[in-house]
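K.L.:
Sending over query_35.txt (compact mmCIF, C-alpha atoms and all ligand atoms).
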```
# COMPACT_ATOMS: atom_id res chain seq x y z
CA MET A 25 -21.23 19.66 -26.45
CA GLN A 26 -21.87 16.18 -25.04
CA ALA A 27 -24.90 14.52 -26.72
CA PHE A 28 -27.87 13.46 -24.58
CA ASP A 29 -30.67 11.12 -25.69
CA ASN A 30 -33.30 12.69 -23.44
CA LEU A 31 -33.82 15.33 -20.77
CA GLU A 32 -33.64 12.82 -17.92
CA GLU A 33 -30.09 11.89 -18.95
CA TYR A 34 -29.24 15.60 -19.14
CA VAL A 35 -30.69 16.26 -15.68
CA LEU A 36 -28.81 13.34 -14.11
CA ALA A 37 -25.56 14.62 -15.63
CA HIS A 38 -26.08 18.04 -14.06
CA ILE A 39 -27.06 17.21 -10.48
CA SER A 40 -24.83 16.08 -7.63
CA PRO A 41 -23.35 12.70 -8.54
CA GLU A 42 -24.82 9.57 -7.01
CA HIS A 43 -22.77 8.35 -4.06
CA GLU A 44 -20.83 5.20 -4.90
CA TYR A 45 -22.60 3.19 -2.12
CA LEU A 46 -26.04 4.20 -3.42
CA HIS A 47 -24.96 3.37 -6.95
CA ARG A 48 -24.02 -0.15 -5.84
CA LEU A 49 -27.31 -0.50 -3.93
CA TYR A 50 -29.28 0.61 -6.99
CA ARG A 51 -27.49 -1.96 -9.16
CA ALA A 52 -28.01 -4.72 -6.57
CA THR A 53 -31.70 -3.75 -6.37
CA HIS A 54 -31.96 -4.26 -10.13
CA THR A 55 -30.05 -7.53 -10.28
CA GLN A 56 -31.45 -9.19 -7.11
CA LEU A 57 -34.99 -7.91 -6.48
CA LEU A 58 -38.37 -8.00 -8.15
CA ARG A 59 -39.91 -4.65 -9.17
CA PRO A 60 -36.66 -2.61 -8.95
CA ARG A 61 -38.41 0.44 -10.40
CA MET A 62 -39.89 0.95 -6.93
CA ALA A 63 -36.52 2.27 -5.68
CA SER A 64 -36.26 6.05 -5.61
CA GLY A 65 -33.07 6.31 -7.67
CA HIS A 66 -30.60 9.11 -8.22
CA LEU A 67 -32.89 12.08 -9.02
CA GLN A 68 -35.55 11.56 -6.35
CA GLY A 69 -32.95 10.34 -3.86
CA THR A 70 -30.97 13.55 -4.32
CA LEU A 71 -34.12 15.60 -3.70
CA LEU A 72 -34.92 13.57 -0.55
CA ARG A 73 -31.42 14.15 0.75
CA MET A 74 -31.69 17.88 0.08
CA LEU A 75 -35.12 18.08 1.76
CA ALA A 76 -33.75 16.28 4.81
CA SER A 77 -30.87 18.74 4.99
CA LEU A 78 -33.32 21.68 4.73
CA ILE A 79 -35.88 20.33 7.22
CA ARG A 80 -33.20 19.03 9.61
CA PRO A 81 -35.58 16.49 11.19
CA LYS A 82 -34.77 14.82 14.48
CA SER A 83 -37.17 12.03 13.58
CA VAL A 84 -38.29 10.70 10.20
CA LEU A 85 -40.99 8.16 9.41
CA GLU A 86 -40.77 6.16 6.21
CA ILE A 87 -43.66 3.98 5.00
CA GLY A 88 -42.20 1.47 2.53
CA THR A 89 -38.51 0.61 2.94
CA TYR A 90 -38.06 -1.78 0.00
CA SER A 91 -34.28 -1.92 -0.74
CA GLY A 92 -33.45 1.04 1.53
CA TYR A 93 -32.44 3.52 -1.16
CA SER A 94 -34.68 6.39 -0.03
CA ALA A 95 -33.97 5.84 3.69
CA LEU A 96 -30.21 6.06 3.04
CA CYS A 97 -30.68 9.26 1.03
CA MET A 98 -32.64 10.89 3.85
CA ALA A 99 -30.09 9.67 6.41
CA ALA A 100 -27.33 11.30 4.37
CA GLY A 101 -29.12 14.65 4.54
CA MET A 102 -30.03 14.61 8.24
CA GLU A 103 -27.99 15.98 11.12
CA ALA A 104 -25.93 13.38 12.98
CA ASP A 105 -28.54 13.07 15.77
CA GLY A 106 -31.48 12.42 13.41
CA LYS A 107 -33.29 9.07 13.42
CA ILE A 108 -35.34 7.26 10.77
CA LEU A 109 -38.05 4.74 11.57
CA THR A 110 -38.82 2.81 8.39
CA PHE A 111 -41.59 0.22 7.96
CA GLU A 112 -41.60 -2.65 5.48
CA ILE A 113 -44.52 -5.08 5.36
CA ASN A 114 -42.72 -7.68 3.22
CA ASP A 115 -40.59 -9.84 5.53
CA GLU A 116 -38.72 -11.29 2.53
CA GLN A 117 -37.17 -7.86 2.08
CA GLU A 118 -35.32 -7.96 5.39
CA ASP A 119 -32.39 -10.22 4.38
CA PHE A 120 -31.56 -7.93 1.47
CA THR A 121 -32.07 -4.53 3.05
CA ARG A 122 -30.78 -4.84 6.62
CA PRO A 123 -27.14 -5.51 5.56
CA TRP A 124 -27.26 -2.44 3.31
CA PHE A 125 -28.26 -0.33 6.34
CA GLU A 126 -25.67 -1.97 8.57
CA GLY A 127 -22.87 -1.50 6.01
CA SER A 128 -23.76 2.16 5.40
CA PRO A 129 -22.33 5.19 7.24
CA PHE A 130 -25.63 5.40 9.22
CA PRO A 131 -26.21 2.01 10.90
CA ALA A 132 -27.42 3.56 14.17
CA ALA A 133 -29.66 6.18 12.56
CA ILE A 134 -32.07 3.80 10.83
CA GLU A 135 -34.52 1.50 12.62
CA MET A 136 -36.17 -0.94 10.21
CA VAL A 137 -39.43 -2.47 11.40
CA ILE A 138 -40.90 -5.43 9.54
CA GLY A 139 -44.68 -5.28 9.52
CA ASP A 140 -47.71 -3.24 8.54
CA VAL A 141 -47.26 0.38 9.57
CA LEU A 142 -51.04 0.71 10.03
CA GLU A 143 -51.00 -2.04 12.65
CA ILE A 144 -47.70 -1.33 14.42
CA LEU A 145 -47.30 2.44 14.55
CA PRO A 146 -50.57 3.10 16.46
CA GLY A 147 -49.12 1.03 19.33
CA ARG A 148 -45.89 3.05 19.49
CA PRO A 149 -45.39 6.54 20.94
CA ASP A 150 -43.25 8.01 18.12
CA ARG A 151 -43.72 11.51 16.72
CA PHE A 152 -42.03 12.87 13.59
CA ASP A 153 -40.67 16.01 11.95
CA MET A 154 -40.70 14.49 8.47
CA ALA A 155 -42.44 11.53 6.82
CA PHE A 156 -41.96 9.86 3.47
CA ILE A 157 -45.10 8.03 2.32
CA ASP A 158 -44.22 5.39 -0.27
CA GLY A 159 -46.19 2.24 0.63
CA ASN A 160 -49.32 0.63 -0.83
CA LYS A 161 -51.17 3.18 -2.98
CA ARG A 162 -54.56 1.83 -1.84
CA GLN A 163 -53.68 2.79 1.73
CA TYR A 164 -52.53 6.38 1.17
CA PRO A 165 -55.66 7.90 2.79
CA ASP A 166 -55.09 5.76 5.93
CA TYR A 167 -51.39 6.68 5.96
CA TYR A 168 -52.31 10.36 5.77
CA ARG A 169 -54.62 10.17 8.79
CA LEU A 170 -52.03 8.22 10.78
CA VAL A 171 -49.06 10.40 9.82
CA MET A 172 -50.91 13.66 10.48
CA SER A 173 -51.74 12.45 13.99
CA ARG A 174 -47.99 11.95 14.63
CA LEU A 175 -46.48 14.89 12.75
CA ASN A 176 -45.10 17.78 14.75
CA GLU A 177 -46.26 21.30 13.89
CA GLY A 178 -44.11 22.65 11.05
CA GLY A 179 -43.30 19.09 10.01
CA PHE A 180 -43.26 17.88 6.41
CA ILE A 181 -44.79 14.95 4.57
CA ILE A 182 -43.38 13.88 1.23
CA ALA A 183 -45.69 11.52 -0.65
CA ASP A 184 -44.49 9.60 -3.69
CA ASN A 185 -46.41 8.50 -6.80
CA THR A 186 -49.17 11.06 -6.38
CA LEU A 187 -49.71 11.41 -10.15
CA TRP A 188 -49.62 7.60 -10.58
CA ASP A 189 -48.33 7.59 -14.14
CA GLY A 190 -51.03 10.08 -15.11
CA HIS A 191 -53.84 7.67 -14.15
CA VAL A 192 -55.24 10.24 -11.70
CA ILE A 193 -56.85 12.02 -14.68
CA GLU A 194 -57.62 8.98 -16.87
CA SER A 195 -61.21 7.67 -16.72
CA ALA A 196 -60.00 4.23 -17.87
CA TYR A 197 -58.57 3.85 -14.33
CA ASP A 198 -61.73 4.86 -12.45
CA ALA A 199 -62.23 1.31 -11.13
CA ASP A 200 -58.54 0.71 -10.29
CA ALA A 201 -58.06 0.48 -6.51
CA GLN A 202 -54.58 2.00 -6.50
CA THR A 203 -55.70 4.95 -8.63
CA GLN A 204 -58.70 5.40 -6.34
CA GLY A 205 -56.39 5.45 -3.30
CA ILE A 206 -54.14 8.10 -4.80
CA ARG A 207 -57.08 10.24 -5.97
CA GLU A 208 -58.68 10.10 -2.52
CA PHE A 209 -55.35 11.01 -0.91
CA ASN A 210 -54.86 13.96 -3.26
CA ALA A 211 -58.41 15.18 -2.58
CA MET A 212 -57.93 14.85 1.21
CA VAL A 213 -54.69 16.82 1.13
CA ALA A 214 -56.16 19.47 -1.17
CA ALA A 215 -59.14 19.96 1.18
CA ASP A 216 -57.13 19.98 4.42
CA PRO A 217 -56.77 23.57 5.70
CA SER A 218 -54.16 22.51 8.27
CA VAL A 219 -51.46 21.97 5.62
CA GLU A 220 -49.67 23.79 2.82
CA LYS A 221 -49.07 21.58 -0.19
CA VAL A 222 -47.49 21.50 -3.62
CA ILE A 223 -47.32 18.69 -6.19
CA LEU A 224 -44.05 18.39 -8.10
CA PRO A 225 -44.50 16.61 -11.45
CA LEU A 226 -41.16 14.88 -10.83
CA ARG A 227 -40.89 11.22 -11.81
CA ASP A 228 -44.29 9.76 -10.81
CA GLY A 229 -45.44 12.87 -8.91
CA LEU A 230 -44.17 13.95 -5.51
CA THR A 231 -46.34 15.95 -3.09
CA LEU A 232 -44.72 18.14 -0.44
CA ILE A 233 -46.99 18.87 2.50
CA ARG A 234 -46.24 21.15 5.46
CA LYS A 235 -48.29 21.00 8.65
CA ILE A 236 -49.06 24.58 9.62
C1 LIG A 301 -42.31 1.81 -3.67
S1 LIG A 301 -41.66 0.66 -2.50
C2 LIG A 301 -40.65 1.67 -1.45
C3 LIG A 301 -39.42 2.25 -2.16
C4 LIG A 301 -38.46 2.99 -1.27
N1 LIG A 301 -39.15 3.93 -0.37
C5 LIG A 301 -37.52 3.79 -2.14
O1 LIG A 301 -37.92 4.88 -2.56
O2 LIG A 301 -36.40 3.35 -2.43
C6 LIG A 301 -43.06 0.33 -1.47
C7 LIG A 301 -42.81 -0.63 -0.34
O3 LIG A 301 -43.85 -0.46 0.63
C8 LIG A 301 -44.10 -1.70 1.25
N2 LIG A 301 -45.41 -1.61 1.92
C9 LIG A 301 -46.64 -1.67 1.33
N3 LIG A 301 -47.61 -1.53 2.25
C10 LIG A 301 -46.99 -1.36 3.46
C11 LIG A 301 -47.47 -1.18 4.80
N4 LIG A 301 -48.79 -1.14 5.07
N5 LIG A 301 -46.56 -1.07 5.80
C12 LIG A 301 -45.23 -1.11 5.52
N6 LIG A 301 -44.72 -1.29 4.27
C13 LIG A 301 -45.59 -1.41 3.25
C14 LIG A 301 -44.01 -2.69 0.08
O4 LIG A 301 -43.80 -4.01 0.53
C15 LIG A 301 -42.85 -2.11 -0.74
O5 LIG A 301 -41.63 -2.74 -0.43
```
Translate this file's structure into structure tokens.
Ligand SMILES: C[S@@+](CC[C@H](N)C(=O)[O-])C[C@H]1O[C@@H](n2cnc3c(N)ncnc32)[C@H](O)[C@@H]1O

P.N.:
Amino acid sequence: MQAFDNLEEYVLAHISPEHEYLHRLYRATHTQLLRPRMASGHLQGTLLRMLASLIRPKSVLEIGTYSGYSALCMAAGMEADGKILTFEINDEQEDFTRPWFEGSPFPAAIEMVIGDVLEILPGRPDRFDMAFIDGNKRQYPDYYRLVMSRLNEGGFIIADNTLWDGHVIESAYDADAQTQGIREFNAMVAADPSVEKVILPLRDGLTLIRKI
């Protein structure tokens, strides 16, 4: 039997292989960008693609584009007429990410907006069947309120980093603003009777939320 150093290696060897284009993007993210660990990567990206193929959204909202890895995974899972609206507040990200969208098989499916989603989306009419929340952890409660006001009935929210490296249960992080944001988000979702929810302890914690 092939030897594996850890379970993550084993898991990655037994799921659908990473598409060659995504593999190149992941490598470029690591060699050209700061904080490359923010990119979803093979395991989470494969789950996002599968969720998009299950949910079959016509419209997807993404909060936090970064290098575009997660948006391309969701685009790969959607039907051909699906659209993704992805927001990135950091304008320095545009020169890197836009060519990766344009060179992908889905150039027309992804609209990248540079700016703060909390300022721009309220002025647009868009509604969504699926949303991926992956922006600033301090703002997760505000994202939740905004996304819920735009999510169609039966729609899904996927929120990343909801266990925040375990800090959600560590008192040493009580004064940390990002931990506070994630805890408040988790409490809001838990108390909201209008959604079904489950937290997957995958990677940094991924919450799946369904609007009833
Ligand atoms: C974790 S990264 C996104 C990773 C990407 N979704 C992926 O999985 O490959 C978070 C990104 O959110 C962006 N961001 C933070 N606050 C934002 C906001 N209010 N509006 C739009 N983008 C935001 C950051 O600049 C950063 O690039």

K.L.:
Can you pull out every residue with an atom within 9 Å of ligand LIG 301 (chain A)? Use all atoms listed in the file and format it as number ranges by chain.

P.N.:
A: 50, 59-65, 68-69, 86-97, 110-115, 117, 137-144, 156-163, 167, 184-185

K.L.:
Considering only C-alpha atoms, can you say which of A:Gly101, A:Pro41, A:Gly127, A:Pro81 comes closest to Ala155 of chain A?

P.N.:
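For Ala155 of chain A, the nearest of the given residues is A:Pro81.
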
K.L.:
List as a ChimeraX atom specification the residues having at least one atom at most 12 Å from position (-41.3, 18.9, 2.9) as given in the file, counting only C-alpha atoms.

P.N.:
/A:71-81,84,98,153-157,175,178-184,219-224,230-236

K.L.:
Using only C-alpha atoms for the distances, tell me which of A:Thr55, A:Leu67, A:Leu145, A:His191 is nearest to Tyr34 of chain A.

P.N.:
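Checking each of A:Thr55, A:Leu67, A:Leu145, A:His191 against Tyr34 of chain A, counting only C-alpha atoms, the winner is A:Leu67.
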
K.L.:
Using Å and a single decimal, report how far atom CA of Pro225 of chain A sits from atom CA of Ser40 of chain A.

P.N.:
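Computing it gives 20.0 Å between the two atoms.
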
K.L.:
To one decimal in Å, tell me the separation between atom CA of Ala201 of chain A and atom CA of Asp228 of chain A.

P.N.:
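It comes out at 17.2 Å.
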
K.L.:
Please indicate the distance in Å from atom CA of Gln204 of chain A to atom CA of Tyr168 of chain A, rounded to one decimal place.

P.N.:
14.6 Å

K.L.:
Find, counting all atoms listed in the file, the residue in A:Asp150, A:Glu42, A:Asp200, A:Asp166 that gets nearest to Ala100 of chain A.

P.N.:
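Going through A:Asp150, A:Glu42, A:Asp200, A:Asp166 one by one, the smallest distance to Ala100 of chain A is for A:Glu42.
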
K.L.:
For Ser83 of chain A, list every protein, DNA or RNA residue within 8 Å, evaluated using all atoms listed in the file, and leave out those in the same chain fewer than 2 positions away; present the list as a PyMOL selection string.

P.N.:
chain A and resi 81+85+106-109+151-154

K.L.:
Centre and edge lengths, as JSON, for the axis-aligned box enclosing every listed atom of segment 127-142 of chain A with 5 Å of padding on each of the six sides, in Å to one decimal?

P.N.:
```
{"center_x": -36.7, "center_y": 0.4, "center_z": 9.8, "size_x": 38.7, "size_y": 21.6, "size_z": 18.8}
```

K.L.:
I'd like to know which of A:His54, A:Arg169, A:Lys82, A:His43 is closest to Pro129 of chain A, using all atoms listed in the file.

P.N.:
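Nearest to Pro129 of chain A: A:His43.
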
K.L.:
Using all atoms listed in the file, which of A:Glu135, A:Asp216, A:Asp189, A:Asp29 sits nearest Arg122 of chain A?

P.N.:
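Closest candidate: A:Glu135.
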